[in-house]
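Here is the structure we will look at, set down as structure tokens.
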Amino acid sequence: MIKTFITYPLQFILFVLFQVLILNNIQLGGTVNPYLYILFILWLPIEWNKAFVLGISFLLGLSIDVFTDTMGMHASACVFLGFIRPYLLNVLAPRDGYELNVPPTAGALGWVWFLQYATIGVLLHHSFLFFVEVFRFSEFFDTLGRALASTIFSLIMIILVQVFSSNTEDRR
């Protein structure tokens with residue numbers, strides 16, 4: 001319990017700082033940007049209250065918005081991800097359901113499960129974010145292409161973080 005009160009706030013701060021100070025300065029082709037910070041939402045415990053997850057998702061997105069001056073776009077996309085997360089977890093649930101206190105990570109639930117979960121979550125988040133940013137359907141295919149490219153870039157980074165965090169968990 002005490003570990004939870006230390007780990008999650010620390011992860012929150014590290015994800016925001018890493019996103020704002022490092023990843024926001026990386027762009028491929030001028031428009032493709034990795035958004036690793038959403039891994040924080042994906043890693044939240046399955047059994048947490050939905051309203052609490054929405055609140056944390058809002059705070060995470062708002063933190064990114066404050067530093068990037070994006071007027072609530074990240075907050076709305078994070079709330080959307082926090083909202084669809086329980087449905088996504090339900091669709092991807094194992095036949096016997098989830099065990100208590102098992103985090104939604106590759107180390108705990110397997111790589112196939114995690115890749116499905118992360119890919120769908122990241123794609124939905126990025127699509128929402130980029131369509132809110134453009135706010136018109138006249139550039140539908142350009143925006144969709146940008147969302148797909150950013151999803152691939154973000155997923156590569158998420159997989160790398162997951163691999164390194166799995167190795168760290170295995171050593172304990």
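Letters A, B, ... go to the chains of the structure tokens in the order shown; residues in each chain start at 1; ligands are counted from 1 in the same order.
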Excluding region 153-168 of chain A and residues on its chain fewer than 3 positions from it, collect all residues at most 10 Å away from it, counting only C-alpha atoms, and give them as a VMD selection string.
chain A and resid 27 to 28 32 to 39 105 to 108 111 114 to 115 118 to 119 122 to 123 126 147 to 150 171 to 172
How would the residues just chosen look if you wrote them out with N, CA and C atoms as a CSV table (one decimal), in the first residue's frame?
chain,number,residue,atom,x,y,z
A,27,GLN,N,10.9,15.0,-33.2
A,27,GLN,CA,9.9,14.9,-34.2
A,27,GLN,C,10.5,14.3,-35.5
A,28,LEU,N,9.7,13.4,-36.1
A,28,LEU,CA,10.1,12.8,-37.3
A,28,LEU,C,9.2,13.4,-38.4
A,32,VAL,N,5.5,14.0,-36.6
A,32,VAL,CA,5.3,12.8,-35.9
A,32,VAL,C,6.1,12.9,-34.6
A,33,ASN,N,5.3,12.7,-33.5
A,33,ASN,CA,5.9,12.9,-32.1
A,33,ASN,C,5.5,11.7,-31.3
A,34,PRO,N,6.5,11.2,-30.5
A,34,PRO,CA,6.1,10.1,-29.6
A,34,PRO,C,5.5,10.6,-28.3
A,35,TYR,N,4.4,10.0,-27.9
A,35,TYR,CA,3.8,10.3,-26.6
A,35,TYR,C,3.9,9.2,-25.6
A,36,LEU,N,4.9,9.1,-24.9
A,36,LEU,CA,5.2,8.0,-24.0
A,36,LEU,C,4.4,8.2,-22.7
A,37,TYR,N,4.0,9.4,-22.3
A,37,TYR,CA,3.4,9.7,-21.1
A,37,TYR,C,2.1,8.9,-20.9
A,38,ILE,N,1.4,8.5,-21.9
A,38,ILE,CA,0.1,7.8,-21.8
A,38,ILE,C,0.3,6.4,-21.3
A,39,LEU,N,1.6,5.9,-21.2
A,39,LEU,CA,1.9,4.6,-20.6
A,39,LEU,C,1.5,4.6,-19.2
A,105,THR,N,0.7,-5.1,-17.3
A,105,THR,CA,2.0,-5.0,-18.0
A,105,THR,C,2.3,-6.3,-18.7
A,106,ALA,N,3.3,-6.3,-19.6
A,106,ALA,CA,3.7,-7.5,-20.3
A,106,ALA,C,4.2,-8.5,-19.4
A,107,GLY,N,5.0,-8.2,-18.4
A,107,GLY,CA,5.5,-9.1,-17.5
A,107,GLY,C,4.4,-9.9,-16.7
A,108,ALA,N,3.3,-9.2,-16.4
A,108,ALA,CA,2.3,-9.8,-15.6
A,108,ALA,C,1.3,-10.6,-16.5
A,111,TRP,N,3.1,-10.8,-23.3
A,111,TRP,CA,3.4,-9.8,-24.4
A,111,TRP,C,2.3,-9.7,-25.4
A,114,PHE,N,-0.4,-7.6,-23.8
A,114,PHE,CA,0.0,-6.2,-23.6
A,114,PHE,C,0.1,-5.5,-25.0
A,115,LEU,N,0.6,-6.1,-26.0
A,115,LEU,CA,0.7,-5.4,-27.3
A,115,LEU,C,-0.7,-5.1,-27.9
A,118,ALA,N,-1.9,-2.1,-25.5
A,118,ALA,CA,-1.2,-0.9,-25.8
A,118,ALA,C,-1.5,-0.3,-27.2
A,119,THR,N,-1.5,-1.2,-28.2
A,119,THR,CA,-1.8,-0.7,-29.6
A,119,THR,C,-3.2,-0.1,-29.7
A,122,VAL,N,-3.2,3.2,-27.5
A,122,VAL,CA,-2.4,4.3,-28.1
A,122,VAL,C,-3.0,4.8,-29.4
A,123,LEU,N,-3.5,3.9,-30.2
A,123,LEU,CA,-4.2,4.4,-31.4
A,123,LEU,C,-5.4,5.2,-31.2
A,126,HIS,N,-4.2,8.7,-29.7
A,126,HIS,CA,-3.6,9.5,-30.8
A,126,HIS,C,-4.6,10.0,-31.8
A,147,ALA,N,-1.6,10.2,-37.1
A,147,ALA,CA,-2.0,9.4,-35.9
A,147,ALA,C,-1.4,8.0,-36.0
A,148,LEU,N,-1.4,7.4,-37.1
A,148,LEU,CA,-0.8,6.1,-37.3
A,148,LEU,C,0.7,6.1,-37.1
A,149,ALA,N,1.4,7.1,-37.7
A,149,ALA,CA,2.8,7.2,-37.6
A,149,ALA,C,3.2,7.5,-36.2
A,150,SER,N,2.5,8.4,-35.5
A,150,SER,CA,2.8,8.7,-34.1
A,150,SER,C,2.5,7.4,-33.2
A,171,ARG,N,14.8,-8.8,-11.7
A,171,ARG,CA,16.0,-8.8,-10.8
A,171,ARG,C,15.6,-8.7,-9.4
A,172,ARG,N,14.4,-8.3,-9.0
A,172,ARG,CA,14.0,-8.1,-7.6
A,172,ARG,C,13.7,-9.4,-7.0
Produce a table with one row for each residue of region 23-138 of chain A that has an atom at most 12 Å from any atom of region 11-17 of chain A, each row naming the nearest atom pair and its distance in Å at one decimal; use only C-alpha atoms; arrange rows by chain and rising residue number; format as CSV.
residue,atom,partner,partner_atom,distance
A:Leu23,CA,A:Leu17,CA,9.2
A:Asn24,CA,A:Leu17,CA,10.1
A:Tyr35,CA,A:Phe15,CA,9.8
A:Leu36,CA,A:Phe15,CA,7.4
A:Tyr37,CA,A:Phe15,CA,5.1
A:Ile38,CA,A:Phe15,CA,8.4
A:Leu39,CA,A:Phe15,CA,8.4
A:Phe40,CA,A:Phe12,CA,6.8
A:Ile41,CA,A:Phe12,CA,9.3
A:Trp43,CA,A:Gln11,CA,10.1
A:Leu44,CA,A:Gln11,CA,10.6
A:Ile56,CA,A:Phe12,CA,9.3
A:Ser57,CA,A:Phe12,CA,10.2
A:Leu59,CA,A:Phe12,CA,9.5
A:Leu60,CA,A:Phe12,CA,7.3
A:Gly61,CA,A:Val16,CA,9.0
A:Leu62,CA,A:Val16,CA,10.1
A:Ser63,CA,A:Val16,CA,7.0
A:Ile64,CA,A:Val16,CA,6.5
A:Asp65,CA,A:Val16,CA,10.2
A:Val66,CA,A:Val16,CA,10.6
A:Phe67,CA,A:Val16,CA,9.1
A:Thr68,CA,A:Val16,CA,10.9
A:His74,CA,A:Val16,CA,11.8
Take CA of Phe140 (chain A) and CA of Gly30 (chain A) and report the distance between them in Å, one decimal.
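Separation between CA of Phe140 (chain A) and CA of Gly30 (chain A): 18.1 Å.
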Residues flagged helix (DSSP H, G or I) by DSSP in chain A, as a ChimeraX atom specification
/A:2-21,23-25,36-43,50-68,73-91,106-109,111-134,140-171
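The gap separating CA of Phe18 (chain A) from CA of Glu47 (chain A) is 26.9 Å, in Å to one decimal.
One finds CA of Asn90 (chain A) at 12.9 Å from CA of Lys50 (chain A).
Distances to Ile46 (chain A) were evaluated for A:Phe131, A:Tyr8, A:Phe141, A:Tyr98 using only C-alpha atoms, and the minimum falls at A:Tyr98.
With only C-alpha atoms taken into account, the protein and nucleic acid residues at most 8 Å from Gly121 (chain A) (excluding it and anything under 3 positions from it in its own chain) are Leu42, Leu81, Arg85, Leu88, Tyr117, Ala118, Leu124 and His125 of chain A.
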Requested write-out: C-alpha atoms of the selected residues, as a short mmCIF file (atom, residue, chain, number, x, y, z; two decimals), in the first residue's frame:
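As a result, part-v6.cif now contains:
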data_model
loop_
_atom_site.label_atom_id
_atom_site.label_comp_id
_atom_site.auth_asym_id
_atom_site.auth_seq_id
_atom_site.Cartn_x
_atom_site.Cartn_y
_atom_site.Cartn_z
CA LEU A 42 -2.16 2.14 -19.34
CA LEU A 81 -8.20 7.05 -22.85
CA ARG A 85 -9.66 1.82 -20.65
CA LEU A 88 -10.71 -2.20 -23.43
CA TYR A 117 -3.90 -3.50 -25.12
CA ALA A 118 -1.22 -0.89 -25.80
CA LEU A 124 -7.42 5.59 -29.90
CA HIS A 125 -5.61 8.23 -27.82
#
Got a sec: who's within 8 Å of Phe80 (chain A), counting only C-alpha atoms, leaving out chain neighbours fewer than 3 positions off, as a PyMOL selection string?
chain A and resi 76-77+83-84+125+128
Taking C-alpha atoms for each residue, export the selection above as an mmCIF file, in the first residue's frame.
data_model
loop_
_atom_site.group_PDB
_atom_site.id
_atom_site.type_symbol
_atom_site.label_atom_id
_atom_site.label_comp_id
_atom_site.auth_asym_id
_atom_site.auth_seq_id
_atom_site.Cartn_x
_atom_site.Cartn_y
_atom_site.Cartn_z
ATOM 1 C CA SER A 76 -9.273 15.631 -23.275
ATOM 2 C CA ALA A 77 -7.367 12.830 -25.045
ATOM 3 C CA PHE A 83 -12.769 6.436 -20.144
ATOM 4 C CA ILE A 84 -12.280 3.674 -22.724
ATOM 5 C CA HIS A 125 -5.610 8.232 -27.817
ATOM 6 C CA PHE A 128 -8.582 11.523 -30.608
#
A:Pro104, A:Ala93, A:Thr7, A:Phe58: which is nearest Cys78 (chain A), counting only C-alpha atoms?
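Of all the options, A:Phe58 lies closest to Cys78 (chain A).
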